[in-house]
$ cat run-v2.cif   # mmCIF, C-alpha atoms and all ligand atoms
data_query
loop_
_atom_site.label_atom_id
_atom_site.label_comp_id
_atom_site.auth_asym_id
_atom_site.auth_seq_id
_atom_site.Cartn_x
_atom_site.Cartn_y
_atom_site.Cartn_z
CA MET A 1 -0.04 -71.98 -43.50
CA HIS A 2 1.51 -72.07 -40.09
CA TYR A 3 1.54 -68.27 -39.59
CA PHE A 4 -2.25 -68.34 -39.28
CA ARG A 5 -2.03 -70.37 -36.06
CA ARG A 6 -3.62 -68.46 -33.21
CA LYS A 7 -2.01 -70.44 -30.38
CA GLY A 8 0.04 -68.32 -28.03
CA TRP A 9 -1.15 -64.83 -28.80
CA GLU A 10 -4.80 -64.98 -27.77
CA LEU A 11 -4.02 -63.86 -24.26
CA PRO A 12 -6.39 -62.40 -21.68
CA GLU A 13 -6.68 -58.63 -21.69
CA SER A 14 -4.99 -56.72 -18.91
CA ALA A 15 -7.09 -56.10 -15.80
CA ALA A 16 -5.69 -52.57 -15.97
CA THR A 17 -7.22 -51.93 -19.42
CA PRO A 18 -9.85 -49.17 -19.18
CA GLU A 19 -13.37 -50.48 -19.79
CA ALA A 20 -14.09 -48.13 -22.72
CA VAL A 21 -11.00 -49.35 -24.52
CA MET A 22 -11.83 -52.97 -23.73
CA GLN A 23 -15.16 -52.44 -25.46
CA ALA A 24 -13.48 -51.02 -28.54
CA ALA A 25 -10.95 -53.83 -28.70
CA ARG A 26 -13.48 -56.64 -28.25
CA PRO A 27 -13.71 -58.69 -31.43
CA GLY A 28 -17.52 -58.64 -31.18
CA LEU A 29 -17.55 -54.94 -32.06
CA SER A 30 -17.87 -54.16 -35.72
CA ARG A 31 -15.05 -52.55 -37.64
CA ARG A 32 -17.33 -49.54 -38.11
CA GLN A 33 -17.74 -49.13 -34.35
CA THR A 34 -13.99 -49.34 -33.91
CA LEU A 35 -13.55 -46.72 -36.63
CA LEU A 36 -15.99 -44.45 -34.81
CA VAL A 37 -13.82 -44.59 -31.70
CA GLY A 38 -10.88 -43.56 -33.88
CA ALA A 39 -12.84 -40.79 -35.60
CA GLY A 40 -13.91 -39.28 -32.28
CA ALA A 41 -10.33 -39.25 -31.10
CA ALA A 42 -9.16 -37.58 -34.31
CA THR A 43 -11.71 -34.77 -33.95
CA ALA A 44 -10.67 -34.11 -30.38
CA LEU A 45 -7.01 -34.15 -31.36
CA SER A 46 -7.44 -31.59 -34.12
CA LEU A 47 -8.75 -29.08 -31.57
CA ARG A 48 -5.76 -29.33 -29.27
CA PRO A 49 -2.43 -27.49 -29.46
CA ALA A 50 0.53 -29.01 -31.29
CA ARG A 51 2.05 -30.80 -28.31
CA ALA A 52 -1.17 -32.63 -27.51
CA ARG A 53 -1.43 -33.85 -31.11
CA ASP A 54 1.34 -36.27 -30.22
CA GLN A 55 -0.65 -37.76 -27.35
CA ALA A 56 -1.90 -41.23 -28.18
CA THR A 57 -5.36 -42.45 -27.31
CA THR A 58 -3.86 -45.85 -26.47
CA ASP A 59 -1.30 -44.57 -23.94
CA ALA A 60 -3.58 -45.61 -21.06
CA LEU A 61 -3.37 -49.26 -22.14
CA HIS A 62 0.09 -49.52 -20.59
CA PRO A 63 1.37 -51.58 -18.92
CA TYR A 64 0.41 -54.52 -21.10
CA PRO A 65 0.09 -57.88 -19.30
CA ARG A 66 3.37 -59.79 -19.20
CA ASN A 67 3.65 -63.07 -21.08
CA ALA A 68 5.80 -65.22 -18.76
CA ALA A 69 6.77 -67.52 -21.62
CA TYR A 70 9.39 -64.95 -22.68
CA ALA A 71 11.66 -64.75 -19.65
CA VAL A 72 15.37 -63.92 -19.49
CA GLU A 73 18.15 -65.21 -17.26
CA ARG A 74 19.95 -61.90 -16.89
CA PRO A 75 18.96 -58.55 -15.33
CA LEU A 76 16.97 -56.04 -17.36
CA THR A 77 18.95 -53.09 -18.67
CA ALA A 78 18.06 -49.94 -16.74
CA GLU A 79 15.62 -47.81 -18.70
CA ASN A 80 17.77 -44.67 -18.54
CA ILE A 81 20.69 -46.63 -20.02
CA ALA A 82 18.72 -48.25 -22.85
CA ALA A 83 16.91 -45.00 -23.64
CA ASN A 84 20.15 -43.05 -23.99
CA TYR A 85 22.24 -45.40 -26.10
CA ASN A 86 20.40 -45.83 -29.36
CA ASN A 87 20.95 -46.54 -32.99
CA PHE A 88 18.59 -44.43 -35.13
CA TYR A 89 20.41 -42.98 -38.14
CA GLU A 90 17.43 -40.80 -39.01
CA TYR A 91 18.53 -38.73 -36.00
CA GLY A 92 22.29 -39.02 -36.21
CA THR A 93 25.12 -41.48 -36.48
CA THR A 94 26.13 -41.52 -32.80
CA LYS A 95 24.44 -43.38 -29.94
CA SER A 96 23.29 -40.08 -28.37
CA ILE A 97 20.26 -39.34 -30.49
CA ALA A 98 17.55 -39.39 -27.78
CA ALA A 99 17.19 -35.59 -27.72
CA ALA A 100 17.19 -35.23 -31.52
CA ALA A 101 14.62 -38.02 -31.84
CA GLN A 102 12.06 -35.92 -29.96
CA GLN A 103 11.43 -34.20 -33.32
CA LEU A 104 9.70 -37.38 -34.47
CA GLN A 105 5.94 -36.73 -34.69
CA THR A 106 4.18 -39.97 -33.84
CA ARG A 107 0.51 -38.85 -34.14
CA PRO A 108 -1.34 -38.98 -36.39
CA TRP A 109 0.43 -42.10 -37.70
CA LEU A 110 -1.00 -44.11 -40.55
CA LEU A 111 0.40 -47.55 -41.23
CA ARG A 112 0.03 -48.72 -44.80
CA ILE A 113 -0.44 -52.45 -45.46
CA ASP A 114 -0.06 -53.36 -49.12
CA GLY A 115 1.43 -55.64 -51.74
CA LEU A 116 0.24 -59.23 -51.97
CA VAL A 117 -2.77 -58.94 -49.63
CA GLU A 118 -6.48 -59.52 -50.15
CA LYS A 119 -7.06 -55.75 -49.98
CA PRO A 120 -4.46 -53.04 -49.27
CA PHE A 121 -5.42 -50.63 -46.49
CA GLU A 122 -4.20 -47.88 -44.18
CA ILE A 123 -4.86 -47.98 -40.47
CA GLY A 124 -4.23 -45.48 -37.69
CA ILE A 125 -1.71 -46.76 -35.18
CA ASP A 126 -4.14 -46.47 -32.25
CA GLU A 127 -6.88 -48.38 -34.05
CA LEU A 128 -4.35 -51.12 -34.81
CA ILE A 129 -3.11 -51.28 -31.21
CA LEU A 130 -6.70 -51.60 -29.97
CA ALA A 131 -7.34 -54.49 -32.35
CA MET A 132 -4.22 -56.50 -31.46
CA PRO A 133 -3.57 -58.98 -28.60
CA ARG A 134 -1.26 -56.91 -26.41
CA GLU A 135 1.42 -58.32 -24.11
CA GLU A 136 4.79 -57.57 -22.55
CA ARG A 137 7.86 -59.75 -23.19
CA LEU A 138 11.39 -59.66 -21.80
CA TYR A 139 13.82 -60.01 -24.70
CA ARG A 140 17.56 -60.03 -25.11
CA PHE A 141 18.80 -57.68 -27.84
CA ARG A 142 22.13 -58.05 -29.67
CA CYS A 143 23.46 -55.33 -31.97
CA VAL A 144 25.82 -56.37 -34.78
CA GLU A 145 28.34 -53.96 -33.19
CA ALA A 146 28.67 -56.44 -30.27
CA TRP A 147 26.76 -54.62 -27.54
CA SER A 148 23.64 -56.04 -25.95
CA MET A 149 20.80 -55.23 -23.61
CA THR A 150 17.72 -56.82 -22.07
CA VAL A 151 14.46 -54.96 -22.53
CA PRO A 152 10.81 -55.33 -21.49
CA TRP A 153 9.04 -54.67 -24.80
CA SER A 154 5.27 -54.20 -25.03
CA GLY A 155 3.47 -54.98 -28.24
CA PHE A 156 1.86 -57.84 -30.10
CA PRO A 157 3.04 -60.82 -32.14
CA LEU A 158 3.79 -59.99 -35.77
CA ARG A 159 1.68 -63.07 -36.56
CA ALA A 160 -1.41 -61.27 -35.24
CA LEU A 161 -0.84 -58.54 -37.82
CA LEU A 162 -0.37 -61.13 -40.58
CA ASP A 163 -3.72 -62.60 -39.65
CA TYR A 164 -5.29 -59.12 -39.76
CA ALA A 165 -3.66 -58.18 -43.08
CA LYS A 166 -4.63 -61.40 -44.89
CA PRO A 167 -1.61 -61.89 -47.18
CA LEU A 168 -2.06 -63.94 -50.33
CA GLY A 169 -0.43 -67.32 -50.75
CA SER A 170 1.94 -65.75 -53.28
CA ALA A 171 3.57 -63.58 -50.58
CA LYS A 172 7.08 -64.84 -49.80
CA TYR A 173 8.51 -62.00 -47.72
CA VAL A 174 7.37 -59.17 -45.48
CA ARG A 175 8.98 -55.84 -46.26
CA PHE A 176 9.02 -53.08 -43.62
CA GLU A 177 9.66 -49.42 -44.35
CA THR A 178 10.36 -46.54 -41.96
CA PHE A 179 8.80 -43.08 -42.49
CA LEU A 180 10.47 -40.78 -45.00
CA ASP A 181 10.30 -37.14 -43.91
CA PRO A 182 13.57 -35.18 -43.93
CA LYS A 183 11.75 -32.27 -42.25
CA MET A 184 11.39 -34.23 -39.01
CA ALA A 185 14.48 -36.41 -39.41
CA PRO A 186 17.71 -34.47 -40.03
CA GLY A 187 19.58 -37.69 -40.77
CA GLN A 188 17.41 -38.21 -43.84
CA ARG A 189 18.92 -35.06 -45.33
CA ALA A 190 22.20 -36.98 -45.60
CA PRO A 191 22.12 -38.21 -49.22
CA PHE A 192 24.71 -40.92 -48.61
CA TYR A 193 22.09 -43.27 -47.12
CA PRO A 194 19.45 -44.97 -49.28
CA TRP A 195 16.45 -43.69 -47.30
CA PRO A 196 13.95 -44.77 -46.19
CA TYR A 197 15.22 -47.50 -43.86
CA VAL A 198 13.94 -50.86 -45.09
CA GLU A 199 14.10 -54.35 -43.63
CA GLY A 200 12.52 -57.69 -44.42
CA VAL A 201 11.92 -61.24 -43.25
CA THR A 202 10.51 -64.39 -44.82
CA MET A 203 6.85 -65.24 -44.23
CA ALA A 204 7.97 -68.16 -42.05
CA GLU A 205 10.14 -65.86 -39.91
CA ALA A 206 7.32 -63.33 -39.64
CA GLY A 207 4.99 -66.07 -38.38
CA ASN A 208 7.44 -67.31 -35.75
CA ASP A 209 6.31 -66.91 -32.13
CA LEU A 210 9.27 -64.63 -31.34
CA ALA A 211 8.66 -62.02 -34.07
CA PHE A 212 7.16 -59.09 -32.17
CA LEU A 213 5.84 -55.65 -33.09
CA VAL A 214 6.70 -53.21 -30.34
CA THR A 215 4.54 -50.26 -29.26
CA GLY A 216 5.95 -49.78 -25.77
CA ALA A 217 8.92 -50.42 -23.49
CA TYR A 218 9.42 -50.42 -19.74
CA GLY A 219 5.66 -50.56 -19.19
CA LYS A 220 5.06 -47.28 -21.07
CA PRO A 221 4.33 -46.06 -24.59
CA LEU A 222 7.41 -46.42 -26.77
CA ALA A 223 9.88 -43.55 -26.36
CA LYS A 224 10.68 -41.83 -29.64
CA GLN A 225 14.34 -42.86 -29.64
CA PHE A 226 13.26 -46.54 -29.48
CA GLY A 227 11.41 -46.09 -32.79
CA ALA A 228 7.92 -44.92 -31.83
CA PRO A 229 5.14 -45.52 -32.47
CA ILE A 230 5.85 -49.03 -33.77
CA ARG A 231 9.06 -51.00 -34.37
CA LEU A 232 10.06 -54.57 -34.79
CA ALA A 233 11.84 -56.86 -32.29
CA LEU A 234 13.51 -59.95 -33.79
CA PRO A 235 15.64 -61.03 -30.83
CA TRP A 236 17.47 -63.88 -32.59
CA LYS A 237 18.82 -61.53 -35.27
CA TYR A 238 21.28 -58.66 -35.15
CA GLY A 239 19.63 -55.44 -34.03
CA PHE A 240 19.63 -53.74 -37.43
CA LYS A 241 16.82 -56.09 -38.53
CA SER A 242 14.58 -54.57 -35.82
CA ILE A 243 13.40 -51.63 -37.90
CA LYS A 244 11.98 -48.55 -36.14
CA SER A 245 9.07 -46.17 -36.75
CA ILE A 246 7.38 -48.36 -39.36
CA ARG A 247 5.04 -46.64 -41.83
CA ARG A 248 4.52 -49.37 -44.38
CA ILE A 249 4.35 -53.15 -44.34
CA SER A 250 4.28 -54.84 -47.73
CA PHE A 251 3.85 -58.48 -48.64
CA VAL A 252 6.13 -59.23 -51.56
CA ALA A 253 7.44 -62.03 -53.74
CA GLU A 254 11.02 -60.74 -54.00
CA ARG A 255 13.51 -60.67 -51.13
CA PRO A 256 13.64 -57.10 -49.78
CA LYS A 257 17.00 -55.36 -49.57
CA GLY A 258 17.58 -53.59 -46.27
CA LEU A 259 19.27 -50.22 -45.91
CA TRP A 260 22.45 -51.74 -44.50
CA GLU A 261 22.57 -54.47 -47.13
CA ALA A 262 22.10 -51.86 -49.87
CA LEU A 263 24.91 -49.79 -48.40
CA GLN A 264 27.44 -52.49 -47.51
CA PRO A 265 26.49 -55.96 -48.80
CA SER A 266 29.87 -57.42 -47.88
CA GLU A 267 29.10 -56.73 -44.19
CA TYR A 268 25.32 -56.88 -43.80
CA GLY A 269 22.94 -59.34 -45.41
CA PHE A 270 19.34 -60.43 -45.41
CA TRP A 271 19.39 -63.15 -42.75
CA ALA A 272 21.60 -61.58 -40.06
CA ASN A 273 21.09 -64.31 -37.46
CA VAL A 274 23.34 -64.00 -34.40
CA ASN A 275 26.24 -66.45 -34.52
CA PRO A 276 29.29 -66.01 -32.26
CA GLU A 277 31.38 -68.23 -34.54
CA VAL A 278 30.98 -66.11 -37.65
CA ALA A 279 32.97 -62.89 -37.34
CA HIS A 280 31.93 -59.61 -38.91
CA PRO A 281 34.56 -58.69 -41.53
CA ARG A 282 35.90 -56.04 -39.14
CA TRP A 283 35.38 -57.54 -35.64
CA SER A 284 34.67 -60.73 -33.72
CA GLN A 285 31.10 -61.68 -32.77
CA ALA A 286 32.25 -64.14 -30.09
CA SER A 287 31.32 -61.90 -27.16
CA GLU A 288 29.31 -58.80 -26.37
CA THR A 289 29.38 -55.83 -23.98
CA VAL A 290 26.28 -55.65 -21.80
CA LEU A 291 24.99 -52.06 -21.70
CA GLY A 292 25.16 -50.54 -18.24
CA THR A 293 27.81 -52.98 -17.00
CA ASN A 294 31.49 -53.66 -17.53
CA ASP A 295 30.65 -57.25 -18.41
CA ARG A 296 31.83 -58.87 -21.60
CA ILE A 297 29.82 -62.09 -21.97
CA PRO A 298 29.96 -64.87 -24.57
CA SER A 299 27.49 -64.40 -27.40
CA ARG A 300 25.11 -67.25 -28.20
CA LEU A 301 23.87 -68.85 -31.40
CA PHE A 302 20.57 -67.18 -32.40
CA ASN A 303 21.17 -64.93 -29.37
CA GLY A 304 20.07 -67.86 -27.19
CA TYR A 305 16.75 -68.34 -29.00
CA GLY A 306 17.69 -71.44 -31.02
CA GLU A 307 14.93 -73.59 -29.52
CA PHE A 308 12.36 -71.23 -31.06
CA VAL A 309 13.95 -70.47 -34.41
CA ALA A 310 16.58 -73.02 -35.49
CA GLY A 311 13.92 -74.96 -37.41
CA LEU A 312 13.29 -71.96 -39.66
CA TYR A 313 16.65 -72.53 -41.33
CA THR A 314 16.72 -76.24 -42.08
CA GLY A 315 17.40 -76.67 -45.77
CA LEU A 316 18.83 -73.15 -46.00
CA GLU A 317 22.39 -74.10 -45.02
CA ARG A 318 23.75 -72.75 -48.31
CA GLU A 319 22.41 -69.28 -47.56
CA ARG A 320 24.59 -66.70 -45.81
CA LEU A 321 22.53 -67.02 -42.61
CA TRP A 322 24.86 -65.23 -40.20
CA ALA A 323 25.56 -61.73 -41.46
N1 LIG A 401 14.60 -46.82 -38.87
C1 LIG A 401 15.66 -47.31 -38.25
N2 LIG A 401 15.57 -48.47 -37.58
C2 LIG A 401 16.64 -48.98 -36.93
C3 LIG A 401 17.89 -48.32 -36.97
C4 LIG A 401 17.97 -47.08 -37.67
O1 LIG A 401 19.02 -46.44 -37.75
N3 LIG A 401 16.83 -46.60 -38.28
N4 LIG A 401 19.00 -48.89 -36.35
C5 LIG A 401 18.95 -50.35 -36.12
C6 LIG A 401 20.03 -50.82 -35.28
S1 LIG A 401 21.55 -51.00 -36.01
C7 LIG A 401 19.84 -51.18 -33.97
S2 LIG A 401 21.09 -51.84 -33.05
C8 LIG A 401 18.53 -50.96 -33.32
C9 LIG A 401 18.73 -50.11 -32.07
O2 LIG A 401 17.57 -50.10 -31.30
P1 LIG A 401 17.58 -49.27 -29.94
O3 LIG A 401 18.00 -47.87 -30.23
O4 LIG A 401 16.19 -49.39 -29.41
O5 LIG A 401 18.58 -49.93 -29.05
O6 LIG A 401 17.58 -50.31 -34.16
C10 LIG A 401 17.62 -50.75 -35.50
N5 LIG A 401 16.51 -50.15 -36.22
MO MO A 402 22.87 -52.26 -34.46
#

$ encode --input "run-v2.cif" --output "structure tokens" --more "lines below"
Ligand SMILES: Nc1nc2c(c(=O)[nH]1)N[C@H]1C(S)=C(S)[C@@H](COP(=O)(O)O)O[C@H]1N2
Ligand SMILES: [Mo]
Amino acid sequence: MHYFRRKGWELPESAATPEAVMQAARPGLSRRQTLLVGAGAATALSLRPARARDQATTDALHPYPRNAAYAVERPLTAENIAANYNNFYEYGTTKSIAAAAQQLQTRPWLLRIDGLVEKPFEIGIDELILAMPREERLYRFRCVEAWSMTVPWSGFPLRALLDYAKPLGSAKYVRFETFLDPKMAPGQRAPFYPWPYVEGVTMAEAGNDLAFLVTGAYGKPLAKQFGAPIRLALPWKYGFKSIKSIRRISFVAERPKGLWEALQPSEYGFWANVNPEVAHPRWSQASETVLGTNDRIPSRLFNGYGEFVAGLYTGLERERLWA
């Protein structure tokens, strides 16, 4: 299947990567040796005060080496702008959730991989980051609410995780789930929303070159308000597909129903590809406001990424691909 292709993500390690970490990440090392690195870190962490428990052993890997194949034609959004205008309903329904999101505890963080895979497993986020081919990409980002930004994300191709997880041939979709912990997410105490936040893509979409798992931004570990310690970036789709703070990734046969689709299916669907010609029921999608500027620019089909992704949708013209 085409999502097992390795082309494109086997990139050289960063020259800035500390030697000890390079050793741990080298494929030649056994899984047991990698686990020992993780176990040592966990012991050290348990001895430190609460604040240090949030410190990641992979922080020093930043910045990840940039992959020049993912360039943008417009200026990057300033970090202080992007990091203070967020959508993260677990921490409130306004765009000013950065302070509240600091309650999110990102270590220890176990990611569960299950469903239609050879063998379900849990993996610590730092062990996963060490095992993945890390890179930085500049991506445009388009929220369904018609604002946009341009962000340097650090992470690894979702396809690299598929290869690691070994899904069965019967898997048709990848389902992503955010943490569920109302104690550290006041928004999850609001019963109106069908928590936890869920999103999904087809296996073909997940294997596309552009599908990216994000563990950093602006050359640093991912800030909590961006959805630390790991979120998705699907730049050809509306922003709500790019689920934050992922705890569980499941390979499934049935199409997953996202939180927004569950809440308001007349406005938000499964595919949610950007299309300026298909209006949201309550507003036009023809143009977008660029964060940090007064510019209103025309929106683009697939957010300008058609050359990468248009082929994913041939034969699916009868689907509601644009909302
Ligand atoms: N878990 C979770 N993921 C989420 C959201 C959310 O509320 N909760 N909001 C989505 C929406 S609507 C957008 S536009 C982006 C916002 O990402 P940003 O805050 O990094 O700009 O996150 C998406 N992922
Ligand atoms: Mo959004």

$ closest_atom_pairs --input "run-v2.cif" --of "chain A" --to "ligand MO 402 (chain A)" --cutoff "6 Å" --atoms "only C-alpha atoms and all ligand atoms" --output "CSV"
residue,atom,partner,partner_atom,distance
A:Cys143,CA,A:MO402,MO,4.0
A:Val144,CA,A:MO402,MO,5.1
A:Glu145,CA,A:MO402,MO,5.9
A:Gly239,CA,A:MO402,MO,4.6
A:Phe240,CA,A:MO402,MO,4.6

$ write_last_selection --input "run-v2.cif" --atoms "C-alpha atoms" --output "mmCIF file, in the coordinates of the input"
data_model
loop_
_atom_site.group_PDB
_atom_site.id
_atom_site.type_symbol
_atom_site.label_atom_id
_atom_site.label_comp_id
_atom_site.auth_asym_id
_atom_site.auth_seq_id
_atom_site.Cartn_x
_atom_site.Cartn_y
_atom_site.Cartn_z
ATOM 1 C CA CYS A 143 23.460 -55.330 -31.970
ATOM 2 C CA VAL A 144 25.820 -56.370 -34.780
ATOM 3 C CA GLU A 145 28.340 -53.960 -33.190
ATOM 4 C CA GLY A 239 19.630 -55.440 -34.030
ATOM 5 C CA PHE A 240 19.630 -53.740 -37.430
#

$ atom_distance --input "run-v2.cif" --atom1 "CA of Lys237 in chain A" --atom2 "CA of Leu61 in chain A"
28.6 Å

$ residues_around --input "run-v2.cif" --residues "Phe141 in chain A" --least-positions-apart "2" --cutoff "10 Å" --atoms "all atoms listed in the file" --output "mmCIF file with C-alpha atoms, in the coordinates of the input"
data_model
loop_
_atom_site.group_PDB
_atom_site.id
_atom_site.type_symbol
_atom_site.label_atom_id
_atom_site.label_comp_id
_atom_site.auth_asym_id
_atom_site.auth_seq_id
_atom_site.Cartn_x
_atom_site.Cartn_y
_atom_site.Cartn_z
ATOM 1 C CA LEU A 138 11.390 -59.660 -21.800
ATOM 2 C CA TYR A 139 13.820 -60.010 -24.700
ATOM 3 C CA CYS A 143 23.460 -55.330 -31.970
ATOM 4 C CA VAL A 144 25.820 -56.370 -34.780
ATOM 5 C CA TRP A 147 26.760 -54.620 -27.540
ATOM 6 C CA SER A 148 23.640 -56.040 -25.950
ATOM 7 C CA MET A 149 20.800 -55.230 -23.610
ATOM 8 C CA THR A 150 17.720 -56.820 -22.070
ATOM 9 C CA VAL A 151 14.460 -54.960 -22.530
ATOM 10 C CA ALA A 233 11.840 -56.860 -32.290
ATOM 11 C CA LEU A 234 13.510 -59.950 -33.790
ATOM 12 C CA PRO A 235 15.640 -61.030 -30.830
ATOM 13 C CA TRP A 236 17.470 -63.880 -32.590
ATOM 14 C CA LYS A 237 18.820 -61.530 -35.270
ATOM 15 C CA TYR A 238 21.280 -58.660 -35.150
ATOM 16 C CA GLY A 239 19.630 -55.440 -34.030
ATOM 17 C CA SER A 242 14.580 -54.570 -35.820
ATOM 18 C CA VAL A 290 26.280 -55.650 -21.800
ATOM 19 C CA ASN A 303 21.170 -64.930 -29.370
#

$ closest_residue --input "run-v2.cif" --among "A:Gly155, A:Gly304, A:Gly227, A:Gly292" --to "ligand LIG 401 (chain A)" --atoms "only C-alpha atoms and all ligand atoms"
A:Gly227

$ residues_near_point --input "run-v2.cif" --point "(-2.8, -46.5, -44.1)" --cutoff "12 Å" --atoms "only C-alpha atoms" --output "PyMOL selection string"
chain A and resi 108-114+119-128+165+246-250

$ write_last_selection --input "run-v2.cif" --atoms "C-alpha atoms" --output "short mmCIF file (atom, residue, chain, number, x, y, z; two decimals), in the frame of the given file"
data_model
loop_
_atom_site.label_atom_id
_atom_site.label_comp_id
_atom_site.auth_asym_id
_atom_site.auth_seq_id
_atom_site.Cartn_x
_atom_site.Cartn_y
_atom_site.Cartn_z
CA PRO A 108 -1.34 -38.98 -36.39
CA TRP A 109 0.43 -42.10 -37.70
CA LEU A 110 -1.00 -44.11 -40.55
CA LEU A 111 0.40 -47.55 -41.23
CA ARG A 112 0.03 -48.72 -44.80
CA ILE A 113 -0.44 -52.45 -45.46
CA ASP A 114 -0.06 -53.36 -49.12
CA LYS A 119 -7.06 -55.75 -49.98
CA PRO A 120 -4.46 -53.04 -49.27
CA PHE A 121 -5.42 -50.63 -46.49
CA GLU A 122 -4.20 -47.88 -44.18
CA ILE A 123 -4.86 -47.98 -40.47
CA GLY A 124 -4.23 -45.48 -37.69
CA ILE A 125 -1.71 -46.76 -35.18
CA ASP A 126 -4.14 -46.47 -32.25
CA GLU A 127 -6.88 -48.38 -34.05
CA LEU A 128 -4.35 -51.12 -34.81
CA ALA A 165 -3.66 -58.18 -43.08
CA ILE A 246 7.38 -48.36 -39.36
CA ARG A 247 5.04 -46.64 -41.83
CA ARG A 248 4.52 -49.37 -44.38
CA ILE A 249 4.35 -53.15 -44.34
CA SER A 250 4.28 -54.84 -47.73
#

$ closest_residue --input "run-v2.cif" --among "A:Glu307, A:Asp163, A:Glu267, A:Glu317" --to "Glu118 in chain A" --atoms "all atoms listed in the file"
A:Asp163

$ closest_residue --input "run-v2.cif" --among "A:Leu232, A:Leu316, A:Ala60, A:Ala171" --to "ligand LIG 401 (chain A)" --atoms "only C-alpha atoms and all ligand atoms"
A:Leu232

$ residues_near_ligand --input "run-v2.cif" --ligand "ligand LIG 401 (chain A)" --cutoff "6 Å" --atoms "all atoms listed in the file" --output "list of chain:residue names"
A:Asn86, A:Asn87, A:Phe88, A:Tyr89, A:Glu90, A:Cys143, A:Thr178, A:Tyr197, A:Phe226, A:Gly239, A:Phe240, A:Ser242, A:Ile243, A:Lys244, A:Ser245

$ write_last_selection --input "run-v2.cif" --atoms "C-alpha atoms" --output "mmCIF file, keeping the file's coordinate frame"
data_model
loop_
_atom_site.group_PDB
_atom_site.id
_atom_site.type_symbol
_atom_site.label_atom_id
_atom_site.label_comp_id
_atom_site.auth_asym_id
_atom_site.auth_seq_id
_atom_site.Cartn_x
_atom_site.Cartn_y
_atom_site.Cartn_z
ATOM 1 C CA ASN A 86 20.400 -45.830 -29.360
ATOM 2 C CA ASN A 87 20.950 -46.540 -32.990
ATOM 3 C CA PHE A 88 18.590 -44.430 -35.130
ATOM 4 C CA TYR A 89 20.410 -42.980 -38.140
ATOM 5 C CA GLU A 90 17.430 -40.800 -39.010
ATOM 6 C CA CYS A 143 23.460 -55.330 -31.970
ATOM 7 C CA THR A 178 10.360 -46.540 -41.960
ATOM 8 C CA TYR A 197 15.220 -47.500 -43.860
ATOM 9 C CA PHE A 226 13.260 -46.540 -29.480
ATOM 10 C CA GLY A 239 19.630 -55.440 -34.030
ATOM 11 C CA PHE A 240 19.630 -53.740 -37.430
ATOM 12 C CA SER A 242 14.580 -54.570 -35.820
ATOM 13 C CA ILE A 243 13.400 -51.630 -37.900
ATOM 14 C CA LYS A 244 11.980 -48.550 -36.140
ATOM 15 C CA SER A 245 9.070 -46.170 -36.750
#

$ closest_residue --input "run-v2.cif" --among "A:Arg134, A:Arg140, A:Arg175, A:Lys241" --to "Phe156 in chain A" --atoms "only C-alpha atoms"
A:Arg134

$ closest_residue --input "run-v2.cif" --among "A:Leu312, A:Ala101, A:Leu76, A:Val252" --to "Pro186 in chain A" --atoms "all atoms listed in the file"
A:Ala101

$ closest_residue --input "run-v2.cif" --among "A:Thr202, A:Thr289, A:Gln225, A:Asn84" --to "Tyr313 in chain A" --atoms "all atoms listed in the file"
A:Thr202

$ atom_distance --input "run-v2.cif" --atom1 "CA of Val201 in chain A" --atom2 "CA of Thr215 in chain A"
19.3 Å

$ atom_distance --input "run-v2.cif" --atom1 "CA of Ala228 in chain A" --atom2 "CA of Leu180 in chain A"
14.0 Å

$ residues_around --input "run-v2.cif" --residues "Lys224 in chain A" --least-positions-apart "6" --cutoff "9 Å" --atoms "all atoms listed in the file" --output "PDB file with C-alpha atoms, in the coordinates of the input"
ATOM      1  CA  ALA A  98      17.550 -39.390 -27.780  1.00  0.00           C
ATOM      2  CA  ALA A 101      14.620 -38.020 -31.840  1.00  0.00           C
ATOM      3  CA  GLN A 102      12.060 -35.920 -29.960  1.00  0.00           C
ATOM      4  CA  GLN A 103      11.430 -34.200 -33.320  1.00  0.00           C
ATOM      5  CA  LEU A 104       9.700 -37.380 -34.470  1.00  0.00           C
ATOM      6  CA  GLN A 105       5.940 -36.730 -34.690  1.00  0.00           C
ATOM      7  CA  THR A 106       4.180 -39.970 -33.840  1.00  0.00           C
ATOM      8  CA  SER A 245       9.070 -46.170 -36.750  1.00  0.00           C
TER       9      SER A 245
END

$ residues_around --input "run-v2.cif" --residues "Lys172 in chain A" --least-positions-apart "5" --cutoff "8 Å" --atoms "all atoms listed in the file" --output "PyMOL selection string"
chain A and resi 202-203+251-255
